[in-house]
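J.: The structure file coords09.tsv (TSV, C-alpha atoms) is provided below.
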```
chain	number	residue	atom	x	y	z
L	1170	MET	CA	-131.30	-138.27	-122.32
L	1171	ASN	CA	-129.57	-141.48	-123.40
L	1172	LYS	CA	-126.88	-142.86	-121.18
L	1173	LEU	CA	-123.43	-142.94	-122.72
L	1174	LEU	CA	-122.79	-146.66	-122.16
L	1175	GLU	CA	-126.30	-148.06	-122.48
L	1176	ASN	CA	-126.16	-151.87	-122.84
L	1177	LYS	CA	-122.41	-152.00	-123.26
L	1178	VAL	CA	-120.79	-155.09	-121.75
L	1179	CYS	CA	-117.63	-154.10	-119.92
L	1180	LEU	CA	-114.87	-155.78	-117.94
L	1181	ILE	CA	-112.89	-153.70	-115.47
L	1182	THR	CA	-109.86	-155.18	-113.72
L	1183	GLY	CA	-108.73	-153.99	-110.31
L	1184	ALA	CA	-112.14	-152.53	-109.55
L	1185	GLY	CA	-112.12	-153.21	-105.82
L	1186	LYS	CA	-111.10	-149.71	-104.85
L	1187	GLY	CA	-109.53	-146.49	-105.99
L	1188	ILE	CA	-109.71	-145.46	-109.61
L	1189	GLY	CA	-110.98	-148.87	-110.75
L	1190	LYS	CA	-113.95	-148.65	-108.40
L	1191	SER	CA	-114.71	-145.13	-109.60
L	1192	ILE	CA	-114.58	-146.28	-113.22
L	1193	ALA	CA	-116.97	-149.13	-112.45
L	1194	GLU	CA	-119.41	-146.83	-110.64
L	1195	LYS	CA	-119.40	-144.35	-113.51
L	1196	PHE	CA	-119.92	-147.10	-116.07
L	1197	ILE	CA	-122.87	-148.47	-114.10
L	1198	LYS	CA	-124.41	-145.01	-113.88
L	1199	GLU	CA	-124.03	-144.64	-117.63
L	1200	GLY	CA	-126.04	-147.81	-118.25
L	1201	ALA	CA	-123.29	-150.38	-118.81
L	1202	PHE	CA	-123.37	-153.98	-117.67
L	1203	VAL	CA	-120.10	-154.30	-115.78
L	1204	TYR	CA	-118.03	-157.30	-114.83
L	1205	VAL	CA	-115.95	-156.08	-111.90
L	1206	ASN	CA	-112.73	-157.87	-111.20
L	1207	ASP	CA	-110.34	-157.79	-108.30
L	1208	ILE	CA	-107.90	-160.33	-106.96
L	1209	GLN	CA	-109.63	-160.09	-103.57
L	1210	GLU	CA	-113.31	-160.94	-103.59
L	1211	ASN	CA	-113.97	-159.04	-100.34
L	1212	GLU	CA	-112.86	-155.84	-102.07
L	1213	LEU	CA	-115.89	-156.16	-104.33
L	1214	LYS	CA	-118.49	-155.93	-101.56
L	1215	TRP	CA	-119.17	-152.36	-102.58
L	1216	CYS	CA	-121.04	-153.57	-105.63
L	1217	ASP	CA	-123.49	-155.90	-103.85
L	1218	GLU	CA	-126.38	-153.50	-104.35
L	1219	TYR	CA	-125.64	-153.15	-108.05
L	1220	GLU	CA	-125.39	-156.92	-108.40
L	1221	VAL	CA	-128.89	-157.26	-107.00
L	1222	ALA	CA	-130.08	-154.64	-109.45
L	1223	GLY	CA	-128.61	-156.73	-112.28
L	1224	SER	CA	-126.09	-154.26	-113.65
L	1225	VAL	CA	-122.97	-155.89	-112.24
L	1226	GLN	CA	-121.35	-159.28	-111.97
L	1227	LYS	CA	-118.41	-159.82	-109.65
L	1228	ILE	CA	-115.64	-161.79	-111.27
L	1229	PRO	CA	-112.79	-162.07	-108.80
L	1230	PHE	CA	-109.58	-163.69	-110.04
L	1231	ASP	CA	-105.86	-163.13	-110.31
L	1232	ILE	CA	-105.25	-161.59	-113.73
L	1233	CYS	CA	-101.78	-163.19	-113.75
L	1234	ASP	CA	-103.45	-166.61	-113.89
L	1235	PHE	CA	-103.94	-167.01	-117.65
L	1236	ALA	CA	-106.33	-169.94	-117.29
L	1237	GLU	CA	-108.58	-167.90	-115.02
L	1238	ALA	CA	-108.39	-164.95	-117.39
L	1239	LYS	CA	-109.52	-167.18	-120.24
L	1240	SER	CA	-112.38	-168.57	-118.18
L	1241	CYS	CA	-113.47	-165.02	-117.41
L	1242	ILE	CA	-113.56	-164.02	-121.06
L	1243	MET	CA	-115.37	-167.22	-122.04
L	1244	ARG	CA	-117.91	-166.65	-119.28
L	1245	ILE	CA	-118.64	-163.16	-120.55
L	1246	LYS	CA	-118.95	-164.49	-124.09
L	1247	LYS	CA	-121.35	-167.19	-122.96
L	1248	GLU	CA	-123.47	-164.84	-120.85
L	1249	HIS	CA	-123.60	-161.88	-123.23
L	1250	GLY	CA	-122.15	-163.03	-126.53
L	1251	ARG	CA	-119.97	-159.94	-126.69
L	1252	ILE	CA	-117.50	-157.69	-124.91
L	1253	ASP	CA	-117.72	-154.03	-125.74
L	1254	VAL	CA	-115.17	-152.54	-123.36
L	1255	LEU	CA	-112.09	-153.86	-121.58
L	1256	VAL	CA	-110.54	-151.63	-118.95
L	1257	ASN	CA	-107.07	-152.82	-118.02
L	1258	ASN	CA	-106.87	-150.95	-114.74
L	1259	ALA	CA	-105.30	-153.42	-112.29
L	1260	GLY	CA	-101.72	-152.61	-111.51
L	1261	LEU	CA	-98.95	-152.46	-108.99
L	1262	ILE	CA	-96.91	-149.39	-108.14
L	1263	SER	CA	-93.56	-148.88	-106.47
L	1264	TYR	CA	-91.35	-146.01	-105.42
L	1265	GLU	CA	-87.63	-146.53	-105.06
L	1266	PHE	CA	-84.40	-145.15	-106.40
L	1267	MET	CA	-82.65	-147.03	-109.16
L	1268	SER	CA	-80.08	-148.60	-106.88
L	1269	MET	CA	-82.81	-149.81	-104.51
L	1270	ILE	CA	-84.88	-151.77	-107.03
L	1271	ASP	CA	-86.13	-155.05	-105.63
L	1272	TYR	CA	-86.12	-157.34	-108.66
L	1273	ASN	CA	-88.65	-159.74	-107.22
L	1274	LYS	CA	-91.12	-156.89	-106.82
L	1275	PHE	CA	-90.16	-155.55	-110.24
L	1276	ARG	CA	-90.82	-158.92	-111.90
L	1277	LYS	CA	-94.22	-159.11	-110.21
L	1278	MET	CA	-94.98	-155.58	-111.35
L	1279	LEU	CA	-94.07	-156.51	-114.93
L	1280	GLU	CA	-96.28	-159.57	-114.67
L	1281	VAL	CA	-99.31	-157.60	-113.47
L	1282	ASN	CA	-98.85	-154.30	-115.31
L	1283	VAL	CA	-97.61	-155.70	-118.61
L	1284	LEU	CA	-97.97	-159.45	-119.22
L	1285	ALA	CA	-101.42	-159.86	-117.70
L	1286	LEU	CA	-102.57	-156.75	-119.55
L	1287	ILE	CA	-101.33	-158.14	-122.86
L	1288	ASN	CA	-103.00	-161.48	-122.20
L	1289	LEU	CA	-106.39	-159.92	-121.41
L	1290	THR	CA	-106.06	-157.67	-124.44
L	1291	GLN	CA	-105.40	-160.72	-126.62
L	1292	LEU	CA	-108.35	-162.64	-125.21
L	1293	ALA	CA	-110.87	-159.80	-125.28
L	1294	SER	CA	-109.82	-158.66	-128.74
L	1295	ARG	CA	-110.53	-162.13	-130.11
L	1296	ILE	CA	-114.16	-161.70	-129.08
L	1297	MET	CA	-114.21	-158.08	-130.25
L	1298	MET	CA	-112.83	-159.11	-133.67
L	1299	ARG	CA	-115.89	-161.29	-134.25
L	1300	GLN	CA	-118.25	-158.42	-133.45
L	1301	ARG	CA	-115.99	-155.97	-135.31
L	1302	SER	CA	-116.18	-153.41	-132.53
L	1303	GLY	CA	-114.78	-152.70	-129.10
L	1304	SER	CA	-112.82	-150.34	-126.93
L	1305	ILE	CA	-109.81	-151.31	-124.87
L	1306	ILE	CA	-108.61	-148.75	-122.36
L	1307	ASN	CA	-105.34	-149.19	-120.54
L	1308	MET	CA	-104.14	-147.55	-117.37
L	1309	ALA	CA	-100.90	-145.77	-118.19
L	1310	SER	CA	-99.37	-142.97	-116.13
L	1311	MET	CA	-97.70	-139.64	-116.68
L	1312	VAL	CA	-94.69	-141.34	-115.13
L	1313	GLY	CA	-94.65	-143.65	-118.15
L	1314	VAL	CA	-94.89	-140.69	-120.53
L	1315	LYS	CA	-92.29	-138.44	-118.95
L	1316	GLY	CA	-90.33	-140.58	-116.49
L	1317	ALA	CA	-89.88	-139.77	-112.81
L	1318	LYS	CA	-87.02	-139.71	-110.38
L	1319	GLY	CA	-87.38	-142.62	-107.99
L	1320	GLN	CA	-89.76	-144.57	-110.20
L	1321	LEU	CA	-87.61	-146.21	-112.83
L	1322	ALA	CA	-89.14	-149.67	-112.39
L	1323	TYR	CA	-92.73	-148.43	-112.33
L	1324	SER	CA	-92.12	-146.06	-115.24
L	1325	ALA	CA	-90.71	-148.97	-117.27
L	1326	THR	CA	-93.95	-150.90	-116.87
L	1327	LYS	CA	-96.10	-147.90	-117.72
L	1328	GLY	CA	-93.88	-147.05	-120.68
L	1329	ALA	CA	-94.58	-150.57	-121.86
L	1330	VAL	CA	-98.32	-150.00	-121.45
L	1331	ILE	CA	-98.03	-146.95	-123.69
L	1332	SER	CA	-96.17	-148.90	-126.40
L	1333	ILE	CA	-98.62	-151.78	-126.14
L	1334	THR	CA	-101.52	-149.36	-126.54
L	1335	LYS	CA	-100.07	-147.84	-129.69
L	1336	SER	CA	-99.17	-151.19	-131.28
L	1337	ALA	CA	-102.45	-152.87	-130.39
L	1338	ALA	CA	-104.34	-149.89	-131.81
L	1339	LYS	CA	-102.58	-150.36	-135.14
L	1340	GLU	CA	-103.15	-154.11	-135.21
L	1341	LEU	CA	-106.81	-153.95	-134.23
L	1342	ALA	CA	-107.94	-150.90	-136.19
L	1343	GLU	CA	-109.04	-153.01	-139.16
L	1344	PHE	CA	-111.50	-154.74	-136.84
L	1345	ASN	CA	-112.89	-151.42	-135.64
L	1346	ILE	CA	-111.42	-152.04	-132.19
L	1347	ARG	CA	-110.07	-148.93	-130.50
L	1348	VAL	CA	-107.19	-149.06	-128.04
L	1349	ASN	CA	-106.33	-146.05	-125.93
L	1350	ALA	CA	-104.74	-145.30	-122.59
L	1351	ILE	CA	-105.29	-142.82	-119.82
L	1352	ALA	CA	-102.22	-141.34	-118.18
L	1353	PRO	CA	-103.15	-139.84	-114.81
L	1354	GLY	CA	-100.87	-137.56	-112.85
L	1355	MET	CA	-101.29	-137.50	-109.08
L	1356	VAL	CA	-104.60	-138.95	-107.95
L	1357	ALA	CA	-106.13	-138.68	-104.49
L	1358	THR	CA	-106.91	-142.34	-103.95
L	1359	ASP	CA	-107.08	-143.63	-100.39
L	1360	ARG	CA	-103.79	-145.45	-100.89
L	1361	PHE	CA	-102.11	-142.28	-102.09
L	1362	LYS	CA	-103.58	-140.11	-99.35
L	1363	ASN	CA	-102.86	-142.52	-96.50
L	1364	VAL	CA	-99.54	-144.00	-97.46
L	1365	ILE	CA	-97.73	-142.10	-100.10
L	1366	GLU	CA	-98.85	-138.48	-99.99
L	1367	ASN	CA	-96.18	-137.33	-97.53
L	1368	LYS	CA	-93.50	-138.40	-100.00
L	1369	PHE	CA	-94.92	-136.10	-102.63
L	1370	GLU	CA	-96.23	-133.16	-100.59
L	1371	ASP	CA	-94.04	-130.66	-102.37
L	1372	ARG	CA	-95.00	-132.04	-105.79
L	1373	ILE	CA	-98.50	-130.56	-105.50
L	1374	ASN	CA	-96.83	-127.30	-106.49
L	1375	ASP	CA	-95.98	-128.94	-109.80
L	1376	VAL	CA	-99.64	-129.51	-110.61
L	1377	GLY	CA	-101.05	-126.65	-112.64
L	1378	PHE	CA	-104.43	-126.90	-110.93
L	1379	GLY	CA	-102.71	-126.95	-107.52
L	1380	ARG	CA	-104.41	-130.13	-106.36
L	1381	MET	CA	-104.49	-133.85	-106.98
L	1382	ALA	CA	-107.14	-135.40	-109.22
L	1383	GLU	CA	-110.11	-137.12	-107.66
L	1384	PRO	CA	-110.57	-140.71	-108.88
L	1385	GLU	CA	-113.92	-139.69	-110.41
L	1386	GLU	CA	-112.13	-137.20	-112.65
L	1387	ILE	CA	-109.98	-139.99	-114.05
L	1388	ALA	CA	-113.05	-142.20	-114.42
L	1389	ASP	CA	-114.79	-139.54	-116.54
L	1390	ALA	CA	-112.07	-139.91	-119.15
L	1391	TYR	CA	-112.67	-143.65	-119.18
L	1392	VAL	CA	-116.37	-143.11	-119.78
L	1393	PHE	CA	-115.49	-140.95	-122.77
L	1394	LEU	CA	-113.13	-143.53	-124.27
L	1395	ALA	CA	-115.58	-146.36	-123.62
L	1396	SER	CA	-118.44	-144.49	-125.26
L	1397	ASP	CA	-119.21	-143.92	-128.90
L	1398	MET	CA	-118.32	-140.27	-128.33
L	1399	SER	CA	-114.72	-141.35	-128.96
L	1400	ARG	CA	-115.49	-143.62	-131.90
L	1401	TYR	CA	-112.78	-142.09	-134.12
L	1402	ILE	CA	-110.06	-142.06	-131.45
L	1403	THR	CA	-107.50	-144.84	-131.21
L	1404	GLY	CA	-103.84	-145.24	-130.29
L	1405	GLN	CA	-103.92	-142.21	-128.02
L	1406	ILE	CA	-102.43	-141.67	-124.59
L	1407	ILE	CA	-104.63	-139.10	-122.91
L	1408	GLY	CA	-103.05	-137.25	-120.02
L	1409	VAL	CA	-105.49	-136.50	-117.20
L	1410	ASP	CA	-103.05	-134.68	-114.99
L	1411	GLY	CA	-104.32	-131.17	-114.24
L	1412	GLY	CA	-101.24	-129.70	-115.87
L	1413	PHE	CA	-98.73	-131.79	-113.91
L	1414	ILE	CA	-95.10	-130.98	-114.64
L	1415	LEU	CA	-92.87	-133.98	-114.03
X	567	MET	CA	-124.33	-183.25	-136.99
X	568	SER	CA	-121.29	-185.11	-135.64
X	569	ASN	CA	-118.22	-183.31	-134.38
X	570	LEU	CA	-116.23	-184.60	-137.35
X	571	GLU	CA	-118.80	-183.19	-139.75
X	572	LYS	CA	-118.61	-179.87	-137.92
X	573	TYR	CA	-114.81	-179.98	-138.03
X	574	ASN	CA	-114.76	-180.70	-141.75
X	575	GLY	CA	-117.34	-178.01	-142.31
X	576	VAL	CA	-115.06	-175.44	-140.72
X	577	PHE	CA	-112.20	-176.38	-143.04
X	578	ARG	CA	-114.54	-176.41	-146.05
X	579	ASP	CA	-115.78	-172.91	-145.27
X	580	VAL	CA	-112.44	-171.36	-144.35
X	581	PHE	CA	-110.44	-172.83	-147.26
X	582	MET	CA	-113.29	-173.23	-149.77
X	583	VAL	CA	-112.41	-176.86	-150.45
X	584	LYS	CA	-114.26	-180.18	-150.67
X	585	ASP	CA	-114.20	-182.91	-148.03
X	586	THR	CA	-112.22	-185.16	-150.36
X	587	VAL	CA	-109.04	-183.11	-149.92
X	588	LEU	CA	-109.21	-183.09	-146.13
X	589	ASN	CA	-106.61	-185.62	-145.06
X	590	ASP	CA	-103.17	-185.93	-143.46
X	591	THR	CA	-101.53	-183.95	-146.23
X	592	PHE	CA	-103.76	-180.91	-145.81
X	593	ASP	CA	-101.40	-178.49	-144.05
X	594	ASN	CA	-100.00	-175.00	-144.19
X	595	LYS	CA	-97.15	-176.06	-146.46
X	596	SER	CA	-99.25	-177.71	-149.12
X	597	VAL	CA	-102.34	-175.51	-149.11
X	598	ASP	CA	-102.21	-172.29	-151.08
X	599	GLY	CA	-103.31	-169.30	-149.08
X	600	TRP	CA	-102.85	-170.88	-145.63
X	601	ASP	CA	-101.27	-167.76	-144.16
X	602	SER	CA	-101.52	-166.26	-140.67
X	603	VAL	CA	-104.77	-164.50	-141.55
X	604	LYS	CA	-106.33	-167.81	-142.64
X	605	GLN	CA	-104.97	-169.44	-139.50
X	606	LEU	CA	-106.73	-166.88	-137.34
X	607	ALA	CA	-109.92	-167.31	-139.36
X	608	LEU	CA	-109.64	-171.07	-138.85
X	609	THR	CA	-109.10	-170.51	-135.12
X	610	THR	CA	-112.16	-168.30	-134.84
X	611	ALA	CA	-114.31	-170.73	-136.80
X	612	LEU	CA	-113.24	-173.70	-134.69
X	613	GLU	CA	-113.79	-171.76	-131.47
X	614	ASP	CA	-117.28	-170.79	-132.57
X	615	ALA	CA	-118.14	-174.29	-133.79
X	616	PHE	CA	-117.06	-176.02	-130.59
X	617	ASP	CA	-117.56	-173.23	-128.06
X	618	ILE	CA	-113.95	-173.22	-126.93
X	619	MET	CA	-111.13	-170.70	-126.74
X	620	LEU	CA	-107.74	-171.88	-127.94
X	621	ASP	CA	-104.57	-171.03	-126.05
X	622	ALA	CA	-101.98	-168.99	-127.91
X	623	GLU	CA	-99.61	-171.96	-128.32
X	624	ASP	CA	-102.40	-174.03	-129.85
X	625	ILE	CA	-103.19	-171.29	-132.34
X	626	LEU	CA	-99.53	-171.32	-133.38
X	627	GLU	CA	-99.60	-175.11	-133.74
X	628	LEU	CA	-102.80	-175.22	-135.74
X	629	THR	CA	-100.90	-175.89	-138.94
X	630	SER	CA	-102.67	-178.89	-140.42
X	631	TYR	CA	-105.97	-180.73	-140.62
X	632	THR	CA	-104.51	-183.55	-138.52
X	633	LYS	CA	-102.89	-181.26	-135.96
X	634	GLY	CA	-106.22	-179.51	-135.52
X	635	LYS	CA	-107.82	-182.80	-134.45
X	636	GLU	CA	-105.09	-183.33	-131.85
X	637	ILE	CA	-105.54	-179.83	-130.52
X	638	LEU	CA	-109.31	-180.23	-130.19
X	639	LYS	CA	-108.77	-183.36	-128.10
X	640	LYS	CA	-107.05	-181.17	-125.50
X	641	TYR	CA	-110.32	-179.26	-125.24
X	642	GLU	CA	-112.27	-182.51	-124.79
X	643	VAL	CA	-113.72	-182.38	-128.28
X	644	GLU	CA	-113.81	-185.92	-129.62
X	645	LEU	CA	-113.94	-186.24	-133.38
```
With the file now loaded, output its structure as structure tokens.
T.:
Amino acid sequence: MNKLLENKVCLITGAGKGIGKSIAEKFIKEGAFVYVNDIQENELKWCDEYEVAGSVQKIPFDICDFAEAKSCIMRIKKEHGRIDVLVNNAGLISYEFMSMIDYNKFRKMLEVNVLALINLTQLASRIMMRQRSGSIINMASMVGVKGAKGQLAYSATKGAVISITKSAAKELAEFNIRVNAIAPGMVATDRFKNVIENKFEDRINDVGFGRMAEPEEIADAYVFLASDMSRYITGQIIGVDGGFIL
Amino acid sequence: MSNLEKYNGVFRDVFMVKDTVLNDTFDNKSVDGWDSVKQLALTTALEDAFDIMLDAEDILELTSYTKGKEILKKYEVEL
């Protein structure tokens, strides 16, 4: 049976851990060649074995550094001549009530979640335009779709991701480039389980399936959107939330 | 092929013109059809020809044959 992402050249940001790591692992298993990015190189140790096998290249850099982002895209172009999939996964999250917003943190969150995402989308799409194909998949959130008490700042950035996804899809459709976003609900990443879960214990009752998503379940949706199985889908925000009621 | 020949070749191909019209007056105000689509096509062709990737502000400023030469200098392309 053919693998879903055979020979596709992919870049995944924020792939050091959590959902990004799961996406990268799934992509590798489906036959993709994956450039895995994280701001911290030591977070990418998990992919050493894959690097030896030749299916992965580590590409650590700060996505907010536009010069480094450009170098990354040029490197991929030089090494492979194409980019088939960009996964804009890297992001910051915060939880605070409206009156407690720390504007320095908010600005940084806008820089990572929105500006850096737009910049990488611009750069990758310029390569994808030449090949007249590509799939860009952004990390949104159900919080961005529906809003959430205590997450105004974060929801603003994810709302922006949703708008960006829809506009980019319209602008890039003529080049056969698809742009979609995944909007997870509550996901059982290590960060969530160790640090944040106690804040949301009672919210599990709001999830139709009665449990949080595993990162791999979010990653499956990314595989679908990266693959040709979704070749007629663009401009969509796909909720992967187990029936989460916000 | 020299870099200048490559540069002129890009303009010839994108605008379908002869070398003789490529001078200081060849710009987005005087050339029919030099719209944003053509500007992006010119950008792509220059990037491919010289193996570079222009910054967004340089794409915006790529508004004439002469300006293009100045921009390429920033990318260490000598014409």
J.: Please find the residues of chain L near chain X - the criterion being any atom within 8 Å, counting only C-alpha atoms - and write them as a ChimeraX atom specification.
T.: /L:1239,1243,1295,1299
J.: Near Cys1233 (chain L), counting all atoms listed in the file, which residues have an atom at most 7 Å away, once you skip same-chain residues fewer than 6 positions from it, shown as a list of chain:residue names?
T.: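 Those residues are L:Glu1280, L:Val1281, L:Ala1285.
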J.: Residues within 12 Å of Leu645 (chain X), please, as a list in words. Count only C-alpha atoms; anything in the same chain fewer than 6 positions from it doesn't count.
T.: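 The residues that qualify are Met567, Ser568, Asn569, Leu570, Glu571, Lys572, Tyr573, Asn574, Phe616, Thr632, Gly634, Lys635, Glu636, Ile637, Leu638 and Lys639 of chain X.
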J.: What does the distance between CA of Glu1199 (chain L) and CA of Ala1382 (chain L) come to in Å, to one decimal place?
T.: 21.0 Å
J.: Excluding Asp598 (chain X) and any residue of its chain fewer than 5 positions from it, enumerate the residues within 12 Å of it, using all atoms listed in the file, and give them as a PDB file with C-alpha atoms, keeping the file's coordinate frame.
T.:
```
ATOM      1  CA  PHE X 581    -110.440-172.830-147.260  1.00  0.00           C
ATOM      2  CA  MET X 582    -113.290-173.230-149.770  1.00  0.00           C
ATOM      3  CA  VAL X 583    -112.410-176.860-150.450  1.00  0.00           C
ATOM      4  CA  PHE X 592    -103.760-180.910-145.810  1.00  0.00           C
ATOM      5  CA  ASP X 593    -101.400-178.490-144.050  1.00  0.00           C
ATOM      6  CA  LYS X 604    -106.330-167.810-142.640  1.00  0.00           C
TER       7      LYS X 604
END
```
J.: Identify, on the basis of only C-alpha atoms, every residue whose closest approach to Ser630 (chain X) does not exceed 10 Å; exclude the query and any residue fewer than 6 positions from it along the same chain; express the result as a PyMOL selection string.
T.: chain X and resi 588-597+600+605+636
J.: Lys1327 (chain L): which residues within 12 Å, counting only C-alpha atoms, same-chain residues fewer than 6 positions away excluded, as a PyMOL selection string?
T.: chain L and resi 1258+1260-1263+1278-1279+1281-1284+1286+1307-1317+1320-1321+1333-1334+1350-1353+1406
J.: Could you tell me how far CA of Asn1349 (chain L) sits from CA of Gln1405 (chain L), in Å to one decimal place?
T.: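 Result for CA of Gln1405 (chain L) versus CA of Asn1349 (chain L): 5.0 Å, one decimal.
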J.: Which distance in Å separates CA of Leu1394 (chain L) and CA of Val1376 (chain L), to one decimal?
T.: 23.8 Å
J.: Which one is closest to Gly1223 (chain L): L:Arg1244, L:Ala1201, L:Ala1390, L:Leu1255? Count all atoms listed in the file.
T.: L:Ala1201
